[in-house]
Amino acid sequence: QVQLVELGGGSVQAGGSLRLSCVASSATSSGDCMAWFRQTPGKEREGVASIDFGSSITYYADSVTGRFTISQDNAQNTLYLQMNSLKPEDTAMYYCALSRDYCDSNLWYVRSGYDYWGQGTQVTVSS
């Protein structure tokens, strides 16, 4: 069983930046895919970005492309999400997720494709 712990959420004004981290309790490998999802009350959890640990190929939702950057540090078993130019509509609970399989370029944003989830960290962007 893998535990994921998200860090780095908080409150920021529109246009500001935040960096989220997700630390895994066991080693990640080149065969893994990790992702960030977000959810607001009453809405489905949506994929924000994912990264394939083997190829380092990244995928982004259209709504965050050009503003968010996902990255990973395999040696530290850590996933990051650098969020710049934040908007009020980015306000959500952010979750990291791990799949013990390669990222699927067509399905990376599908929640059921991930085996492990963190508890989430709140990001609030005020206008």
# chains A, B, ... in the order shown; residues from 1 in each chain; ligands from 1

call {"tool": "select_by_dssp", "arguments": {"residues": "stretch 20-90 of chain A", "states": "helix (DSSP H, G or I)", "output": "list in words"}}
result
Asn74, Ala75, Gln76, Pro88, Glu89 and Asp90 of chain A

call {"tool": "select_by_dssp", "arguments": {"residues": "stretch 15-86 of chain A", "states": "strand (DSSP E or B)", "output": "PyMOL selection string"}}
result
chain A and resi 18-24+33-39+46-52+58-60+68-73+78-83

call {"tool": "write_last_selection", "arguments": {"atoms": "N, CA and C atoms", "output": "mmCIF file, in the first residue's frame"}}
result
data_model
loop_
_atom_site.group_PDB
_atom_site.id
_atom_site.type_symbol
_atom_site.label_atom_id
_atom_site.label_comp_id
_atom_site.auth_asym_id
_atom_site.auth_seq_id
_atom_site.Cartn_x
_atom_site.Cartn_y
_atom_site.Cartn_z
ATOM 1 N N LEU A 18 1.654 29.220 -6.631
ATOM 2 C CA LEU A 18 1.788 28.238 -5.559
ATOM 3 C C LEU A 18 2.492 27.017 -6.132
ATOM 4 N N ARG A 19 3.177 26.301 -5.260
ATOM 5 C CA ARG A 19 3.811 25.044 -5.665
ATOM 6 C C ARG A 19 3.325 23.947 -4.752
ATOM 7 N N LEU A 20 2.702 22.943 -5.347
ATOM 8 C CA LEU A 20 2.237 21.784 -4.596
ATOM 9 C C LEU A 20 3.268 20.670 -4.688
ATOM 10 N N SER A 21 3.370 19.906 -3.611
ATOM 11 C CA SER A 21 4.229 18.727 -3.586
ATOM 12 C C SER A 21 3.399 17.524 -3.173
ATOM 13 N N CYS A 22 3.814 16.370 -3.619
ATOM 14 C CA CYS A 22 3.166 15.121 -3.237
ATOM 15 C C CYS A 22 4.278 14.109 -2.990
ATOM 16 N N VAL A 23 4.362 13.636 -1.749
ATOM 17 C CA VAL A 23 5.411 12.690 -1.378
ATOM 18 C C VAL A 23 4.809 11.300 -1.254
ATOM 19 N N ALA A 24 5.431 10.343 -1.922
ATOM 20 C CA ALA A 24 4.978 8.960 -1.860
ATOM 21 C C ALA A 24 5.750 8.208 -0.779
ATOM 22 N N CYS A 33 2.914 6.300 -13.465
ATOM 23 C CA CYS A 33 2.304 7.531 -13.958
ATOM 24 C C CYS A 33 1.715 8.237 -12.736
ATOM 25 N N MET A 34 1.988 9.510 -12.608
ATOM 26 C CA MET A 34 1.389 10.273 -11.512
ATOM 27 C C MET A 34 0.669 11.482 -12.066
ATOM 28 N N ALA A 35 -0.295 11.946 -11.304
ATOM 29 C CA ALA A 35 -1.141 13.028 -11.804
ATOM 30 C C ALA A 35 -1.630 13.900 -10.668
ATOM 31 N N TRP A 36 -2.069 15.076 -11.045
ATOM 32 C CA TRP A 36 -2.794 15.974 -10.157
ATOM 33 C C TRP A 36 -4.224 16.100 -10.677
ATOM 34 N N PHE A 37 -5.154 15.974 -9.756
ATOM 35 C CA PHE A 37 -6.564 16.193 -10.032
ATOM 36 C C PHE A 37 -7.048 17.316 -9.115
ATOM 37 N N ARG A 38 -8.204 17.865 -9.427
ATOM 38 C CA ARG A 38 -8.803 18.859 -8.536
ATOM 39 C C ARG A 38 -10.316 18.694 -8.524
ATOM 40 N N GLN A 39 -10.904 19.151 -7.446
ATOM 41 C CA GLN A 39 -12.353 18.987 -7.287
ATOM 42 C C GLN A 39 -12.922 20.134 -6.472
ATOM 43 N N GLU A 46 -11.521 16.408 -11.642
ATOM 44 C CA GLU A 46 -11.005 16.547 -12.995
ATOM 45 C C GLU A 46 -9.490 16.466 -13.023
ATOM 46 N N GLY A 47 -8.982 15.879 -14.098
ATOM 47 C CA GLY A 47 -7.541 15.790 -14.275
ATOM 48 C C GLY A 47 -6.957 17.140 -14.625
ATOM 49 N N VAL A 48 -5.866 17.485 -13.960
ATOM 50 C CA VAL A 48 -5.184 18.750 -14.202
ATOM 51 C C VAL A 48 -3.925 18.528 -15.029
ATOM 52 N N ALA A 49 -3.109 17.554 -14.609
ATOM 53 C CA ALA A 49 -1.861 17.264 -15.312
ATOM 54 C C ALA A 49 -1.367 15.900 -14.891
ATOM 55 N N SER A 50 -0.610 15.268 -15.774
ATOM 56 C CA SER A 50 0.018 14.012 -15.395
ATOM 57 C C SER A 50 1.394 13.916 -16.031
ATOM 58 N N ILE A 51 2.215 13.012 -15.486
ATOM 59 C CA ILE A 51 3.561 12.819 -15.999
ATOM 60 C C ILE A 51 3.900 11.345 -15.993
ATOM 61 N N ASP A 52 4.451 10.884 -17.091
ATOM 62 C CA ASP A 52 4.912 9.511 -17.191
ATOM 63 C C ASP A 52 6.347 9.469 -16.696
ATOM 64 N N THR A 58 4.516 14.786 -20.444
ATOM 65 C CA THR A 58 3.518 15.415 -19.588
ATOM 66 C C THR A 58 2.230 15.687 -20.362
ATOM 67 N N TYR A 59 1.156 15.735 -19.627
ATOM 68 C CA TYR A 59 -0.161 16.006 -20.193
ATOM 69 C C TYR A 59 -0.842 17.050 -19.317
ATOM 70 N N TYR A 60 -1.586 17.942 -19.962
ATOM 71 C CA TYR A 60 -2.246 19.011 -19.231
ATOM 72 C C TYR A 60 -3.675 19.199 -19.711
ATOM 73 N N PHE A 68 0.493 25.995 -15.585
ATOM 74 C CA PHE A 68 0.910 24.972 -14.620
ATOM 75 C C PHE A 68 2.005 24.097 -15.221
ATOM 76 N N THR A 69 2.897 23.632 -14.349
ATOM 77 C CA THR A 69 3.952 22.718 -14.778
ATOM 78 C C THR A 69 4.046 21.570 -13.798
ATOM 79 N N ILE A 70 3.933 20.349 -14.313
ATOM 80 C CA ILE A 70 4.079 19.164 -13.475
ATOM 81 C C ILE A 70 5.495 18.636 -13.639
ATOM 82 N N SER A 71 6.071 18.175 -12.535
ATOM 83 C CA SER A 71 7.416 17.618 -12.595
ATOM 84 C C SER A 71 7.559 16.578 -11.502
ATOM 85 N N GLN A 72 8.652 15.826 -11.559
ATOM 86 C CA GLN A 72 8.843 14.760 -10.581
ATOM 87 C C GLN A 72 10.319 14.656 -10.208
ATOM 88 N N ASP A 73 10.532 14.203 -9.003
ATOM 89 C CA ASP A 73 11.877 13.904 -8.511
ATOM 90 C C ASP A 73 11.843 12.463 -8.041
ATOM 91 N N THR A 78 8.847 12.216 -5.125
ATOM 92 C CA THR A 78 8.021 13.411 -4.996
ATOM 93 C C THR A 78 7.531 13.913 -6.346
ATOM 94 N N LEU A 79 6.285 14.320 -6.347
ATOM 95 C CA LEU A 79 5.640 14.925 -7.516
ATOM 96 C C LEU A 79 5.367 16.386 -7.191
ATOM 97 N N TYR A 80 5.518 17.261 -8.185
ATOM 98 C CA TYR A 80 5.294 18.680 -7.976
ATOM 99 C C TYR A 80 4.266 19.222 -8.969
ATOM 100 N N LEU A 81 3.641 20.310 -8.577
ATOM 101 C CA LEU A 81 2.812 21.076 -9.503
ATOM 102 C C LEU A 81 3.076 22.554 -9.243
ATOM 103 N N GLN A 82 3.770 23.174 -10.166
ATOM 104 C CA GLN A 82 4.009 24.612 -10.092
ATOM 105 C C GLN A 82 2.841 25.319 -10.774
ATOM 106 N N MET A 83 2.159 26.171 -10.030
ATOM 107 C CA MET A 83 0.980 26.845 -10.546
ATOM 108 C C MET A 83 1.240 28.346 -10.588
#

call {"tool": "atom_distance", "arguments": {"atom1": "atom CA of A:Ala61", "atom2": "atom CA of A:Val125"}}
result
18.4 Å

call {"tool": "atom_distance", "arguments": {"atom1": "atom CA of A:Ser105", "atom2": "atom CA of A:Ser56"}}
result
12.2 Å

call {"tool": "closest_residue", "arguments": {"among": "A:Leu7, A:Cys103, A:Ala14, A:Ala97", "to": "A:Gly118", "atoms": "only C-alpha atoms"}}
result
A:Ala97

call {"tool": "atom_distance", "arguments": {"atom1": "atom CA of A:Asp62", "atom2": "atom CA of A:Asn74"}}
result
26.2 Å

call {"tool": "residues_around", "arguments": {"residues": "A:Gln1", "least_positions_apart": "6", "cutoff": "12 Å", "atoms": "only C-alpha atoms", "output": "JSON, numbers by chain"}}
result
{"A": [24, 25, 26, 27, 98, 100, 115, 116, 117]}

call {"tool": "residues_around", "arguments": {"residues": "A:Phe53", "least_positions_apart": "4", "cutoff": "7 Å", "atoms": "only C-alpha atoms", "output": "PyMOL selection string"}}
result
chain A and resi 29-33

call {"tool": "residues_around", "arguments": {"residues": "A:Gly120", "least_positions_apart": "2", "cutoff": "6 Å", "atoms": "only C-alpha atoms", "output": "list in words"}}
result
Met93, Tyr94, Tyr95 and Gly118 of chain A

call {"tool": "write_last_selection", "arguments": {"atoms": "all heavy atoms", "output": "short mmCIF file (atom, residue, chain, number, x, y, z; two decimals), in the first residue's frame"}}
result
data_model
loop_
_atom_site.label_atom_id
_atom_site.label_comp_id
_atom_site.auth_asym_id
_atom_site.auth_seq_id
_atom_site.Cartn_x
_atom_site.Cartn_y
_atom_site.Cartn_z
N MET A 93 -9.91 21.67 -4.21
CA MET A 93 -9.08 20.72 -3.49
C MET A 93 -8.26 19.99 -4.54
O MET A 93 -8.82 19.45 -5.50
CB MET A 93 -9.95 19.75 -2.70
CG MET A 93 -9.16 18.81 -1.81
SD MET A 93 -8.46 19.64 -0.38
CE MET A 93 -9.92 19.73 0.65
N TYR A 94 -6.96 19.96 -4.32
CA TYR A 94 -6.05 19.33 -5.27
C TYR A 94 -5.56 18.00 -4.70
O TYR A 94 -5.13 17.94 -3.54
CB TYR A 94 -4.87 20.23 -5.58
CG TYR A 94 -5.23 21.35 -6.55
CD1 TYR A 94 -6.03 22.40 -6.14
CD2 TYR A 94 -4.79 21.33 -7.86
CE1 TYR A 94 -6.39 23.41 -7.03
CE2 TYR A 94 -5.13 22.33 -8.75
CZ TYR A 94 -5.94 23.37 -8.33
OH TYR A 94 -6.29 24.36 -9.20
N TYR A 95 -5.63 16.96 -5.54
CA TYR A 95 -5.24 15.62 -5.13
C TYR A 95 -4.13 15.10 -6.04
O TYR A 95 -4.17 15.33 -7.25
CB TYR A 95 -6.42 14.66 -5.25
CG TYR A 95 -7.61 15.00 -4.41
CD1 TYR A 95 -8.61 15.84 -4.89
CD2 TYR A 95 -7.76 14.47 -3.12
CE1 TYR A 95 -9.72 16.15 -4.11
CE2 TYR A 95 -8.85 14.78 -2.35
CZ TYR A 95 -9.83 15.62 -2.85
OH TYR A 95 -10.92 15.92 -2.07
N GLY A 118 -3.94 10.76 -2.64
CA GLY A 118 -3.69 11.48 -1.41
C GLY A 118 -4.98 12.03 -0.83
O GLY A 118 -6.06 11.86 -1.42
#

call {"tool": "closest_residue", "arguments": {"among": "A:Ala75, A:Asp104, A:Thr121, A:Gly113", "to": "A:Ser55", "atoms": "only C-alpha atoms"}}
result
A:Asp104

call {"tool": "closest_atom_pairs", "arguments": {"of": "stretch 5-81 of chain A", "to": "stretch 86-91 of chain A", "cutoff": "8 Å", "atoms": "only C-alpha atoms", "output": "CSV"}}
result
residue,atom,partner,partner_atom,distance
A:Gln13,CA,A:Leu86,CA,7.7
A:Ala14,CA,A:Lys87,CA,5.0
A:Gly15,CA,A:Leu86,CA,4.9
A:Gly16,CA,A:Leu86,CA,5.5
A:Ser17,CA,A:Leu86,CA,6.2
A:Thr40,CA,A:Thr91,CA,7.5
A:Arg67,CA,A:Leu86,CA,7.7

call {"tool": "write_last_selection", "arguments": {"atoms": "C-alpha atoms", "output": "PDB file, in the first residue's frame"}}
result
ATOM      1  CA  GLN A  13      -4.505  36.388  -4.871  1.00  0.00           C
ATOM      2  CA  ALA A  14      -5.259  36.106  -8.553  1.00  0.00           C
ATOM      3  CA  GLY A  15      -2.093  36.258 -10.606  1.00  0.00           C
ATOM      4  CA  GLY A  16      -0.042  34.686  -7.856  1.00  0.00           C
ATOM      5  CA  SER A  17       1.777  31.357  -7.692  1.00  0.00           C
ATOM      6  CA  THR A  40     -14.816  21.629  -6.165  1.00  0.00           C
ATOM      7  CA  ARG A  67       0.259  28.234 -16.501  1.00  0.00           C
TER       8      ARG A  67
END

call {"tool": "closest_residue", "arguments": {"among": "A:Ala92, A:Gln122, A:Gly8, A:Asn106", "to": "A:Arg45", "atoms": "only C-alpha atoms"}}
result
A:Ala92

call {"tool": "closest_residue", "arguments": {"among": "A:Thr65, A:Gly9, A:Glu44, A:Ile57", "to": "A:Ser85", "atoms": "only C-alpha atoms"}}
result
A:Thr65
